[in-house]
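Colleague: Okay, handing you the structure first.
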Amino acid sequence: MTDTVTDRFLRYVVIDTQSDPKSSTQPSTEKQRNLGRILVEELLAIGLSDAHLDEHGYVYATIPSNVDRPVPVICFCSHMDTAPDFTGTNVKPQILRNYAGGDIQLPGDPQQVIRVSDNPVLRDQIGNDIITSDGTTLLGADDKAGLAEIMTAAQFLVDNPQIEHGTIKLLFTTDEEIGRGVDKVDLTKLGAAFAYTVDGETAGHIEDETFSADGVEITIQGVAIHPGFAKGKMENAIKIAGDIISRLPKDMAPETTDGRDGFVHPTGVSGSMEKAALSLIVRDFDDGGLASKETMLEAIVKEVMADYPGSTYSFRVKQQYRNMKPILDRHPEIADYAIEAVRRAGMTPVRGSIRGGTDGSRLSFMGLPCANIFAGGHAFHSPLEWVSRQDMEKGVRTLVELAKIWAERA
């Protein structure tokens, strides 16, 4: 068994672990267990005797403390599934060694080009080894880069007992990409006080803030009449849904916002003349901003429905996750130690926010405060996804330094 972070990563990405939002099971796809079983075998092989796969597809393991003083128990967490946005079946990883700059055309589909204009961080990768898919699938660096980094760091700590550290728990989750990543996590069994998801992007970046997120489901009951006799009577539910979508503010969409701007985003529409359903997601860093967007959205729906007096609607908001920053602000050492670890690993740390969420968002509100550390991948959920060998190696060094810092500061 080879044990470099790149070797591990290349082993993991060829295993199809795509999650399925239409499934009601946990994990949503049985194939996620295939990777889980391999990870357990590797953890047992490096000496973590309690490594196991539970009934929900999660992998748990423990790196025991090697110091005789109390050190807070920390957890490193990554997810095994890949996104349903693009196929993860039959991944063929490609390694472009000693990247010389310029756009990268992918061999499996020449129409797929990783452009420097879209990925300006490529300019920092000159001389590095870039790993991509062949362009016909996603790569799976989200989050198999994180898995490979945690696994490699675990082996390094086990193989180097002179490095002092406290107890470190490892948690590999299923179904993160469909918002169910920690639904069944047993925090009592995990037994950690603080945690880090290794699920971020650019090397050196630490994130202690996410969006707050809700989903909105709108159901429209129209008036169905034979079209030959419909004048003055028909109220087509499909057209009502279209009217609602057309009135969404153009400056409040994902494609027109960045930084700390939130958005309202339709993610699905289906229906017939009689009944239609519209799904949206609402995002904002502030809970007040989230609520105001939902109020605005329902006001649009009411305004549209006023033109269709025979039709009715339902408007349902479902909480998805909340900004973890208020929780992490109560435990500043979590992010502070991560920033110091990045610095010790030879990078300039960058502290920021995620325009999205991680398992750490939910874990923080479940009682396990959790920040997010870079994994090095870019262009997630697409065939243009890529990661560099060197950035994954920096991720491993960061985790090792982080383990050391928690022991030093105890």
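Chain labels A, B, ... are given in the sequence in which chains occur in the structure tokens; within each chain residues are numbered consecutively from 1, and ligands are likewise numbered from 1 in the order shown.
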Could you pull the residues within 10 Å of Ile373 of chain A, counting only C-alpha atoms, minus those fewer than 4 positions along the same chain, as a PyMOL selection string?

Modeller: chain A and resi 76-77+146+196-208+335+338-339+342+351+395+398-399

Colleague: Could you build a table of the residues in segment 120-225 of chain A lying no more than 6 Å from segment 302-324 of chain A, giving for each the nearest pair of atoms and their separation in Å rounded to one decimal place, using only C-alpha atoms, ordered by chain and ascending residue number, as CSV?

Modeller:
```
residue,atom,partner,partner_atom,distance
A:Glu209,CA,A:Met324,CA,5.6
A:Thr210,CA,A:Asn323,CA,4.8
A:Phe211,CA,A:Asn323,CA,5.2
A:Ser212,CA,A:Arg322,CA,4.0
A:Ala213,CA,A:Tyr321,CA,5.2
A:Asp214,CA,A:Gln319,CA,4.5
A:Gly215,CA,A:Lys318,CA,5.1
A:Val216,CA,A:Val317,CA,4.6
A:Glu217,CA,A:Arg316,CA,5.2
A:Ile218,CA,A:Phe315,CA,4.7
A:Thr219,CA,A:Ser314,CA,5.2
A:Ile220,CA,A:Tyr313,CA,4.4
A:Gln221,CA,A:Thr312,CA,5.2
A:Gly222,CA,A:Ser311,CA,4.7
```

Colleague: Residues of the last selection are to be written out with all heavy atoms, as a compact mmCIF listing (two decimals), in the first residue's frame.

Modeller:
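Once everything was written out, this is out-v4.txt:
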```txt
# COMPACT_ATOMS: atom_id res chain seq x y z
N GLU A 209 -16.70 31.14 8.66
CA GLU A 209 -18.03 31.70 8.41
C GLU A 209 -18.60 31.08 7.14
O GLU A 209 -17.90 30.90 6.15
CB GLU A 209 -17.94 33.22 8.26
CG GLU A 209 -19.30 33.88 8.07
CD GLU A 209 -19.23 35.39 8.05
OE1 GLU A 209 -18.20 35.94 7.63
OE2 GLU A 209 -20.22 36.02 8.45
N THR A 210 -19.88 30.75 7.20
CA THR A 210 -20.59 30.22 6.04
C THR A 210 -21.85 31.05 5.81
O THR A 210 -22.24 31.87 6.63
CB THR A 210 -21.03 28.76 6.27
OG1 THR A 210 -21.92 28.73 7.40
CG2 THR A 210 -19.85 27.86 6.53
N PHE A 211 -22.50 30.80 4.68
CA PHE A 211 -23.86 31.30 4.50
C PHE A 211 -24.77 30.71 5.58
O PHE A 211 -24.50 29.63 6.13
CB PHE A 211 -24.42 30.84 3.16
CG PHE A 211 -24.12 31.74 1.99
CD1 PHE A 211 -23.86 31.20 0.74
CD2 PHE A 211 -24.13 33.11 2.11
CE1 PHE A 211 -23.61 32.01 -0.36
CE2 PHE A 211 -23.88 33.94 1.03
CZ PHE A 211 -23.62 33.38 -0.21
N SER A 212 -25.85 31.39 5.88
CA SER A 212 -27.04 30.76 6.44
C SER A 212 -27.92 30.38 5.26
O SER A 212 -27.96 31.09 4.25
CB SER A 212 -27.78 31.72 7.38
OG SER A 212 -27.12 31.85 8.61
N ALA A 213 -28.62 29.25 5.38
CA ALA A 213 -29.27 28.70 4.20
C ALA A 213 -30.65 28.15 4.51
O ALA A 213 -30.85 27.47 5.52
CB ALA A 213 -28.41 27.58 3.61
N ASP A 214 -31.60 28.46 3.65
CA ASP A 214 -32.94 27.88 3.69
C ASP A 214 -33.32 27.38 2.30
O ASP A 214 -32.81 27.87 1.28
CB ASP A 214 -33.98 28.91 4.13
CG ASP A 214 -33.94 29.21 5.62
OD1 ASP A 214 -33.37 28.40 6.37
OD2 ASP A 214 -34.49 30.25 6.03
N GLY A 215 -34.23 26.44 2.28
CA GLY A 215 -34.87 26.03 1.04
C GLY A 215 -36.32 26.50 1.05
O GLY A 215 -36.94 26.56 2.11
N VAL A 216 -36.83 26.84 -0.10
CA VAL A 216 -38.23 27.27 -0.22
C VAL A 216 -38.93 26.40 -1.26
O VAL A 216 -38.41 26.22 -2.38
CB VAL A 216 -38.34 28.76 -0.61
CG1 VAL A 216 -39.80 29.15 -0.81
CG2 VAL A 216 -37.69 29.64 0.44
N GLU A 217 -40.06 25.85 -0.89
CA GLU A 217 -40.89 25.06 -1.81
C GLU A 217 -42.21 25.79 -2.03
O GLU A 217 -42.94 26.05 -1.06
CB GLU A 217 -41.14 23.66 -1.25
CG GLU A 217 -39.89 22.81 -1.05
CD GLU A 217 -39.24 22.41 -2.36
OE1 GLU A 217 -39.97 22.32 -3.39
OE2 GLU A 217 -38.01 22.20 -2.37
N ILE A 218 -42.49 26.13 -3.27
CA ILE A 218 -43.74 26.80 -3.62
C ILE A 218 -44.57 25.85 -4.49
O ILE A 218 -44.08 25.34 -5.51
CB ILE A 218 -43.46 28.11 -4.40
CG1 ILE A 218 -42.59 29.05 -3.56
CG2 ILE A 218 -44.77 28.79 -4.79
CD1 ILE A 218 -42.04 30.23 -4.35
N THR A 219 -45.79 25.60 -4.05
CA THR A 219 -46.70 24.76 -4.83
C THR A 219 -47.87 25.62 -5.32
O THR A 219 -48.46 26.37 -4.54
CB THR A 219 -47.24 23.60 -3.98
OG1 THR A 219 -46.14 22.83 -3.48
CG2 THR A 219 -48.15 22.70 -4.80
N ILE A 220 -48.18 25.51 -6.59
CA ILE A 220 -49.22 26.33 -7.21
C ILE A 220 -50.33 25.42 -7.73
O ILE A 220 -50.07 24.47 -8.48
CB ILE A 220 -48.66 27.15 -8.38
CG1 ILE A 220 -47.56 28.08 -7.87
CG2 ILE A 220 -49.75 27.95 -9.08
CD1 ILE A 220 -46.52 28.41 -8.90
N GLN A 221 -51.55 25.68 -7.31
CA GLN A 221 -52.72 24.96 -7.80
C GLN A 221 -53.45 25.87 -8.78
O GLN A 221 -54.02 26.89 -8.38
CB GLN A 221 -53.65 24.59 -6.64
CG GLN A 221 -54.84 23.73 -7.04
CD GLN A 221 -54.42 22.33 -7.46
OE1 GLN A 221 -53.68 21.66 -6.75
NE2 GLN A 221 -54.90 21.88 -8.62
N GLY A 222 -53.37 25.54 -10.05
CA GLY A 222 -54.01 26.35 -11.08
C GLY A 222 -55.45 25.91 -11.36
O GLY A 222 -56.04 25.15 -10.60
```

Colleague: From a DSSP pass on the backbone, collect the residues of segment 152-242 of chain A flagged as strand (DSSP E) and hand them back as a compact mmCIF listing (two decimals) with all heavy atoms, in the first residue's frame.

Modeller:
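File produced: result38.txt:
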```
# COMPACT_ATOMS: atom_id res chain seq x y z
N ILE A 168 -6.91 12.45 18.63
CA ILE A 168 -7.47 13.02 17.40
C ILE A 168 -8.49 12.03 16.85
O ILE A 168 -8.18 10.85 16.61
CB ILE A 168 -6.38 13.29 16.35
CG1 ILE A 168 -5.35 14.29 16.92
CG2 ILE A 168 -6.98 13.82 15.05
CD1 ILE A 168 -4.10 14.43 16.07
N LYS A 169 -9.69 12.49 16.67
CA LYS A 169 -10.75 11.67 16.10
C LYS A 169 -10.86 11.95 14.59
O LYS A 169 -10.74 13.10 14.15
CB LYS A 169 -12.09 11.99 16.77
CG LYS A 169 -12.13 11.69 18.26
CD LYS A 169 -12.16 10.20 18.51
CE LYS A 169 -12.33 9.89 19.98
NZ LYS A 169 -12.56 8.45 20.23
N LEU A 170 -11.09 10.90 13.83
CA LEU A 170 -11.30 11.03 12.39
C LEU A 170 -12.76 10.67 12.08
O LEU A 170 -13.28 9.68 12.61
CB LEU A 170 -10.36 10.10 11.62
CG LEU A 170 -8.87 10.20 11.96
CD1 LEU A 170 -8.06 9.28 11.05
CD2 LEU A 170 -8.36 11.63 11.86
N LEU A 171 -13.39 11.48 11.25
CA LEU A 171 -14.78 11.25 10.86
C LEU A 171 -14.91 11.49 9.37
O LEU A 171 -14.62 12.58 8.87
CB LEU A 171 -15.71 12.19 11.62
CG LEU A 171 -17.18 12.19 11.20
CD1 LEU A 171 -17.83 10.84 11.48
CD2 LEU A 171 -17.95 13.31 11.90
N PHE A 172 -15.35 10.46 8.64
CA PHE A 172 -15.59 10.58 7.21
C PHE A 172 -17.08 10.35 6.96
O PHE A 172 -17.62 9.29 7.31
CB PHE A 172 -14.75 9.57 6.43
CG PHE A 172 -13.26 9.71 6.69
CD1 PHE A 172 -12.46 8.59 6.79
CD2 PHE A 172 -12.67 10.96 6.84
CE1 PHE A 172 -11.10 8.71 7.02
CE2 PHE A 172 -11.31 11.09 7.07
CZ PHE A 172 -10.52 9.96 7.17
N THR A 173 -17.74 11.34 6.40
CA THR A 173 -19.20 11.34 6.30
C THR A 173 -19.68 11.01 4.89
O THR A 173 -18.94 11.10 3.91
CB THR A 173 -19.78 12.70 6.72
OG1 THR A 173 -19.32 13.71 5.82
CG2 THR A 173 -19.36 13.05 8.13
N PHE A 194 -13.66 19.87 19.69
CA PHE A 194 -13.58 20.83 18.58
C PHE A 194 -13.27 20.07 17.30
O PHE A 194 -12.75 18.95 17.36
CB PHE A 194 -12.50 21.89 18.84
CG PHE A 194 -12.64 22.58 20.17
CD1 PHE A 194 -11.75 22.34 21.20
CD2 PHE A 194 -13.67 23.47 20.40
CE1 PHE A 194 -11.88 22.96 22.43
CE2 PHE A 194 -13.83 24.11 21.62
CZ PHE A 194 -12.92 23.85 22.65
N ALA A 195 -13.57 20.68 16.15
CA ALA A 195 -13.38 19.94 14.90
C ALA A 195 -12.96 20.87 13.76
O ALA A 195 -13.11 22.10 13.84
CB ALA A 195 -14.66 19.20 14.53
N TYR A 196 -12.46 20.23 12.72
CA TYR A 196 -12.11 20.91 11.47
C TYR A 196 -12.59 20.05 10.30
O TYR A 196 -12.26 18.86 10.22
CB TYR A 196 -10.59 21.08 11.34
CG TYR A 196 -9.97 21.94 12.42
CD1 TYR A 196 -9.50 21.36 13.60
CD2 TYR A 196 -9.85 23.32 12.26
CE1 TYR A 196 -8.94 22.14 14.59
CE2 TYR A 196 -9.28 24.10 13.25
CZ TYR A 196 -8.84 23.51 14.42
OH TYR A 196 -8.27 24.29 15.40
N THR A 197 -13.39 20.63 9.43
CA THR A 197 -13.63 20.00 8.14
C THR A 197 -12.46 20.37 7.23
O THR A 197 -12.00 21.51 7.23
CB THR A 197 -14.95 20.45 7.50
OG1 THR A 197 -15.06 21.88 7.58
CG2 THR A 197 -16.13 19.82 8.21
N VAL A 198 -11.98 19.40 6.46
CA VAL A 198 -10.92 19.65 5.48
C VAL A 198 -11.62 19.60 4.13
O VAL A 198 -11.68 18.58 3.46
CB VAL A 198 -9.80 18.60 5.59
CG1 VAL A 198 -8.65 18.94 4.64
CG2 VAL A 198 -9.29 18.54 7.03
N ASP A 199 -12.21 20.73 3.75
CA ASP A 199 -13.16 20.75 2.63
C ASP A 199 -13.14 22.10 1.92
O ASP A 199 -14.07 22.45 1.22
CB ASP A 199 -14.57 20.45 3.16
CG ASP A 199 -15.57 20.13 2.07
OD1 ASP A 199 -15.15 19.81 0.94
OD2 ASP A 199 -16.78 20.23 2.34
N GLY A 200 -12.07 22.88 2.15
CA GLY A 200 -11.99 24.20 1.53
C GLY A 200 -11.26 24.15 0.20
O GLY A 200 -10.96 23.10 -0.34
N HIS A 205 -6.03 28.84 3.02
CA HIS A 205 -7.28 29.47 3.43
C HIS A 205 -7.94 28.72 4.58
O HIS A 205 -8.02 27.49 4.58
CB HIS A 205 -8.25 29.56 2.26
CG HIS A 205 -7.88 30.63 1.27
ND1 HIS A 205 -8.77 31.58 0.83
CD2 HIS A 205 -6.70 30.92 0.67
CE1 HIS A 205 -8.17 32.41 -0.03
NE2 HIS A 205 -6.91 32.01 -0.14
N ILE A 206 -8.40 29.49 5.57
CA ILE A 206 -9.16 28.98 6.71
C ILE A 206 -10.48 29.74 6.72
O ILE A 206 -10.51 30.97 6.57
CB ILE A 206 -8.42 29.24 8.04
CG1 ILE A 206 -7.02 28.61 8.01
CG2 ILE A 206 -9.24 28.75 9.22
CD1 ILE A 206 -7.02 27.11 7.91
N GLU A 207 -11.57 29.02 6.91
CA GLU A 207 -12.88 29.67 6.90
C GLU A 207 -13.63 29.39 8.20
O GLU A 207 -13.71 28.24 8.63
CB GLU A 207 -13.69 29.18 5.70
CG GLU A 207 -13.10 29.67 4.37
CD GLU A 207 -13.07 28.63 3.28
OE1 GLU A 207 -13.19 27.43 3.59
OE2 GLU A 207 -12.90 29.01 2.12
N ASP A 208 -14.11 30.48 8.80
CA ASP A 208 -14.88 30.34 10.04
C ASP A 208 -16.27 30.95 9.90
O ASP A 208 -16.93 31.25 10.88
CB ASP A 208 -14.14 30.97 11.22
CG ASP A 208 -13.88 32.46 11.05
OD1 ASP A 208 -14.18 33.00 9.96
OD2 ASP A 208 -13.37 33.08 11.99
N GLU A 209 -16.70 31.14 8.66
CA GLU A 209 -18.03 31.70 8.41
C GLU A 209 -18.60 31.08 7.14
O GLU A 209 -17.90 30.90 6.15
CB GLU A 209 -17.94 33.22 8.26
CG GLU A 209 -19.30 33.88 8.07
CD GLU A 209 -19.23 35.39 8.05
OE1 GLU A 209 -18.20 35.94 7.63
OE2 GLU A 209 -20.22 36.02 8.45
N THR A 210 -19.88 30.75 7.20
CA THR A 210 -20.59 30.22 6.04
C THR A 210 -21.85 31.05 5.81
O THR A 210 -22.24 31.87 6.63
CB THR A 210 -21.03 28.76 6.27
OG1 THR A 210 -21.92 28.73 7.40
CG2 THR A 210 -19.85 27.86 6.53
N SER A 212 -25.85 31.39 5.88
CA SER A 212 -27.04 30.76 6.44
C SER A 212 -27.92 30.38 5.26
O SER A 212 -27.96 31.09 4.25
CB SER A 212 -27.78 31.72 7.38
OG SER A 212 -27.12 31.85 8.61
N ALA A 213 -28.62 29.25 5.38
CA ALA A 213 -29.27 28.70 4.20
C ALA A 213 -30.65 28.15 4.51
O ALA A 213 -30.85 27.47 5.52
CB ALA A 213 -28.41 27.58 3.61
N ASP A 214 -31.60 28.46 3.65
CA ASP A 214 -32.94 27.88 3.69
C ASP A 214 -33.32 27.38 2.30
O ASP A 214 -32.81 27.87 1.28
CB ASP A 214 -33.98 28.91 4.13
CG ASP A 214 -33.94 29.21 5.62
OD1 ASP A 214 -33.37 28.40 6.37
OD2 ASP A 214 -34.49 30.25 6.03
N GLY A 215 -34.23 26.44 2.28
CA GLY A 215 -34.87 26.03 1.04
C GLY A 215 -36.32 26.50 1.05
O GLY A 215 -36.94 26.56 2.11
N VAL A 216 -36.83 26.84 -0.10
CA VAL A 216 -38.23 27.27 -0.22
C VAL A 216 -38.93 26.40 -1.26
O VAL A 216 -38.41 26.22 -2.38
CB VAL A 216 -38.34 28.76 -0.61
CG1 VAL A 216 -39.80 29.15 -0.81
CG2 VAL A 216 -37.69 29.64 0.44
N GLU A 217 -40.06 25.85 -0.89
CA GLU A 217 -40.89 25.06 -1.81
C GLU A 217 -42.21 25.79 -2.03
O GLU A 217 -42.94 26.05 -1.06
CB GLU A 217 -41.14 23.66 -1.25
CG GLU A 217 -39.89 22.81 -1.05
CD GLU A 217 -39.24 22.41 -2.36
OE1 GLU A 217 -39.97 22.32 -3.39
OE2 GLU A 217 -38.01 22.20 -2.37
N ILE A 218 -42.49 26.13 -3.27
CA ILE A 218 -43.74 26.80 -3.62
C ILE A 218 -44.57 25.85 -4.49
O ILE A 218 -44.08 25.34 -5.51
CB ILE A 218 -43.46 28.11 -4.40
CG1 ILE A 218 -42.59 29.05 -3.56
CG2 ILE A 218 -44.77 28.79 -4.79
CD1 ILE A 218 -42.04 30.23 -4.35
N THR A 219 -45.79 25.60 -4.05
CA THR A 219 -46.70 24.76 -4.83
C THR A 219 -47.87 25.62 -5.32
O THR A 219 -48.46 26.37 -4.54
CB THR A 219 -47.24 23.60 -3.98
OG1 THR A 219 -46.14 22.83 -3.48
CG2 THR A 219 -48.15 22.70 -4.80
N ILE A 220 -48.18 25.51 -6.59
CA ILE A 220 -49.22 26.33 -7.21
C ILE A 220 -50.33 25.42 -7.73
O ILE A 220 -50.07 24.47 -8.48
CB ILE A 220 -48.66 27.15 -8.38
CG1 ILE A 220 -47.56 28.08 -7.87
CG2 ILE A 220 -49.75 27.95 -9.08
CD1 ILE A 220 -46.52 28.41 -8.90
N GLN A 221 -51.55 25.68 -7.31
CA GLN A 221 -52.72 24.96 -7.80
C GLN A 221 -53.45 25.87 -8.78
O GLN A 221 -54.02 26.89 -8.38
CB GLN A 221 -53.65 24.59 -6.64
CG GLN A 221 -54.84 23.73 -7.04
CD GLN A 221 -54.42 22.33 -7.46
OE1 GLN A 221 -53.68 21.66 -6.75
NE2 GLN A 221 -54.90 21.88 -8.62
```

Colleague: Residues at most 10 Å from Ile245 of chain A, counting only C-alpha atoms, excluding those fewer than 6 positions away in the same chain, as number ranges by chain?

Modeller: A: 239, 265-266, 269, 278, 280, 297, 300-301

Colleague: Would you output that residue set with C-alpha atoms, as a short mmCIF file (atom, residue, chain, number, x, y, z; two decimals), in the first residue's frame?

Modeller:
```cif
data_model
loop_
_atom_site.label_atom_id
_atom_site.label_comp_id
_atom_site.auth_asym_id
_atom_site.auth_seq_id
_atom_site.Cartn_x
_atom_site.Cartn_y
_atom_site.Cartn_z
CA LYS A 239 -47.28 29.99 -16.56
CA HIS A 265 -31.86 30.94 -6.66
CA PRO A 266 -34.47 28.72 -8.37
CA VAL A 269 -39.50 23.65 -11.55
CA LEU A 278 -41.03 25.56 -7.72
CA LEU A 280 -35.55 27.70 -4.55
CA LEU A 297 -39.99 36.19 -2.30
CA ILE A 300 -43.59 38.35 -5.32
CA VAL A 301 -45.68 35.19 -5.15
#
```

Colleague: Taking 3 positions as the minimum chain separation for residues in the same chain, which residues sit within 10 Å of segment 177-184 of chain A when counting only C-alpha atoms? Answer as number ranges by chain.

Modeller: A: 18-22, 26-28, 55-58, 78-85, 142-143, 172-174, 187, 320-321, 357-363, 366, 381

Colleague: Using N, CA and C atoms, can you write the selected residues to a file as a short mmCIF file (atom, residue, chain, number, x, y, z; two decimals), in the first residue's frame?

Modeller:
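As a result, result.cif now contains:
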```cif
data_model
loop_
_atom_site.label_atom_id
_atom_site.label_comp_id
_atom_site.auth_asym_id
_atom_site.auth_seq_id
_atom_site.Cartn_x
_atom_site.Cartn_y
_atom_site.Cartn_z
N GLN A 18 -20.92 9.08 -5.85
CA GLN A 18 -21.90 10.15 -6.05
C GLN A 18 -23.13 9.91 -5.17
N SER A 19 -23.55 10.96 -4.46
CA SER A 19 -24.76 10.87 -3.65
C SER A 19 -25.99 11.20 -4.50
N ASP A 20 -27.17 10.87 -3.97
CA ASP A 20 -28.42 10.99 -4.73
C ASP A 20 -29.49 11.69 -3.90
N PRO A 21 -29.84 12.94 -4.26
CA PRO A 21 -30.83 13.68 -3.47
C PRO A 21 -32.22 13.07 -3.52
N LYS A 22 -32.50 12.20 -4.49
CA LYS A 22 -33.83 11.61 -4.61
C LYS A 22 -34.00 10.39 -3.71
N GLN A 26 -29.87 6.38 4.07
CA GLN A 26 -28.62 6.95 4.58
C GLN A 26 -27.61 5.81 4.69
N PRO A 27 -26.55 5.79 3.85
CA PRO A 27 -26.25 6.77 2.82
C PRO A 27 -27.23 6.68 1.66
N SER A 28 -27.27 7.73 0.88
CA SER A 28 -28.24 7.79 -0.22
C SER A 28 -27.89 6.82 -1.34
N GLU A 55 -23.51 1.78 10.61
CA GLU A 55 -24.66 1.39 9.79
C GLU A 55 -25.13 2.49 8.85
N HIS A 56 -24.70 3.73 9.09
CA HIS A 56 -25.10 4.84 8.23
C HIS A 56 -24.05 5.17 7.17
N GLY A 57 -22.97 4.39 7.13
CA GLY A 57 -21.92 4.60 6.14
C GLY A 57 -20.81 5.51 6.59
N TYR A 58 -20.86 6.00 7.84
CA TYR A 58 -19.79 6.86 8.35
C TYR A 58 -18.58 6.02 8.77
N SER A 78 -13.88 14.85 6.77
CA SER A 78 -14.09 15.08 5.33
C SER A 78 -15.24 14.19 4.87
N HIS A 79 -15.77 14.50 3.69
CA HIS A 79 -16.89 13.69 3.19
C HIS A 79 -16.47 12.81 2.02
N MET A 80 -17.12 11.67 1.92
CA MET A 80 -16.77 10.67 0.92
C MET A 80 -17.53 10.82 -0.38
N ASP A 81 -18.69 11.47 -0.34
CA ASP A 81 -19.51 11.53 -1.56
C ASP A 81 -19.04 12.63 -2.49
N THR A 82 -19.38 12.48 -3.76
CA THR A 82 -19.18 13.55 -4.74
C THR A 82 -20.55 14.06 -5.18
N ALA A 83 -20.54 15.24 -5.79
CA ALA A 83 -21.78 15.97 -6.06
C ALA A 83 -22.60 15.32 -7.17
N PRO A 84 -23.93 15.39 -7.06
CA PRO A 84 -24.79 14.89 -8.13
C PRO A 84 -24.82 15.78 -9.36
N ASP A 85 -24.15 16.96 -9.31
CA ASP A 85 -24.20 17.91 -10.41
C ASP A 85 -23.60 17.37 -11.71
N ASP A 142 -13.28 17.35 -4.35
CA ASP A 142 -14.28 17.71 -3.34
C ASP A 142 -15.05 16.42 -3.00
N ASP A 143 -14.64 15.66 -1.98
CA ASP A 143 -13.68 16.07 -0.98
C ASP A 143 -12.64 14.96 -0.79
N PHE A 172 -15.35 10.46 8.64
CA PHE A 172 -15.59 10.58 7.21
C PHE A 172 -17.08 10.35 6.96
N THR A 173 -17.74 11.34 6.40
CA THR A 173 -19.20 11.34 6.30
C THR A 173 -19.68 11.01 4.89
N THR A 174 -20.95 10.66 4.81
CA THR A 174 -21.63 10.44 3.54
C THR A 174 -22.58 11.60 3.27
N LEU A 187 -22.31 12.13 18.07
CA LEU A 187 -21.30 13.00 18.67
C LEU A 187 -20.79 12.44 20.00
N GLN A 320 -31.96 24.89 6.34
CA GLN A 320 -30.94 23.96 5.89
C GLN A 320 -29.70 24.00 6.79
N TYR A 321 -29.07 25.16 6.93
CA TYR A 321 -27.97 25.30 7.89
C TYR A 321 -27.81 26.77 8.22
N GLY A 357 -21.85 26.11 2.34
CA GLY A 357 -21.83 25.52 3.66
C GLY A 357 -20.95 24.28 3.68
N THR A 358 -20.65 23.79 4.85
CA THR A 358 -19.91 22.55 5.02
C THR A 358 -20.59 21.74 6.11
N ASP A 359 -20.13 20.49 6.26
CA ASP A 359 -20.60 19.71 7.42
C ASP A 359 -20.36 20.48 8.70
N GLY A 360 -19.31 21.31 8.72
CA GLY A 360 -18.98 22.07 9.92
C GLY A 360 -20.06 23.05 10.34
N SER A 361 -20.83 23.55 9.39
CA SER A 361 -21.93 24.45 9.74
C SER A 361 -22.90 23.75 10.68
N ARG A 362 -23.32 22.56 10.28
CA ARG A 362 -24.28 21.81 11.10
C ARG A 362 -23.64 21.29 12.37
N LEU A 363 -22.41 20.78 12.27
CA LEU A 363 -21.74 20.26 13.46
C LEU A 363 -21.62 21.34 14.54
N MET A 366 -24.75 21.61 16.32
CA MET A 366 -25.06 20.37 17.04
C MET A 366 -24.24 20.25 18.33
N HIS A 381 -17.50 20.36 -8.56
CA HIS A 381 -18.79 19.94 -9.13
C HIS A 381 -18.81 20.05 -10.64
#
```

Colleague: Which distance in Å separates atom CA of Lys404 of chain A and atom CA of Asp159 of chain A, to one decimal?

Modeller: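 It comes out at 14.5 Å.
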
Colleague: Taking the backbone alone, and naming residues the way the document does, which bits of segment 213-390 of chain A are alpha helix (DSSP H) by DSSP, as a ChimeraX atom specification?

Modeller: /A:237-246,287-305,325-328,333-344,359-366,389-390

Colleague: For segment 67-73 of chain A, find every residue with an atom within 10 Å (counting only C-alpha atoms), except residues of its own chain fewer than 5 positions away, and show them as a ChimeraX atom specification.

Modeller: /A:163-169,190-195,403,406-410

Colleague: Find the residue from A:Val400, A:Ile225, A:Leu106, A:Ala241 that sits nearest to Leu157 of chain A; use only C-alpha atoms when measuring.

Modeller: A:Val400

Colleague: Which distance in Å separates atom CA of Arg283 of chain A and atom CA of Phe374 of chain A, to one decimal?

Modeller: 21.8 Å

Colleague: Calculated over only C-alpha atoms, which of the candidates A:Gly346, A:Pro110, A:Gly356, A:Pro383 has the smallest distance to Ser133 of chain A?

Modeller: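 Comparing A:Gly346, A:Pro110, A:Gly356, A:Pro383 against Ser133 of chain A, the winner is A:Pro383.
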
Colleague: Between atom CA of Gly232 of chain A and atom CA of Ala277 of chain A, what is the distance, to one decimal in Å?

Modeller: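 Atom-to-atom, atom CA of Gly232 of chain A to atom CA of Ala277 of chain A, that is 23.4 Å.
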
Colleague: Skipping near chain neighbours, those fewer than 2 positions away, what residues fall within 8 Å of Ile15 of chain A using only C-alpha atoms, listed as a list in words?

Modeller: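 Near Ile15 of chain A, the qualifying residues are Arg11, Tyr12, Val13, Thr17, Asn34, Leu35, Thr89, Asn90 and Val91 of chain A.
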
Colleague: With a distance cut-off of 9 Å and only C-alpha atoms, select the neighbouring residues of Ala51 of chain A, excluding the residue or stretch itself and same-chain residues fewer than 4 positions from it, and output the selection as a list in words.

Modeller: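 Result of the neighbour search: Leu39, Val40, Glu41, Leu43, Leu44, Val59, Tyr60, Ala61, Thr62 and Leu170 of chain A.
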
Colleague: Under the rule that only C-alpha atoms are counted, which of A:Leu368, A:Ile46, A:Ile240, A:Ile104 is the nearest residue to Thr188 of chain A?

Modeller: A:Leu368
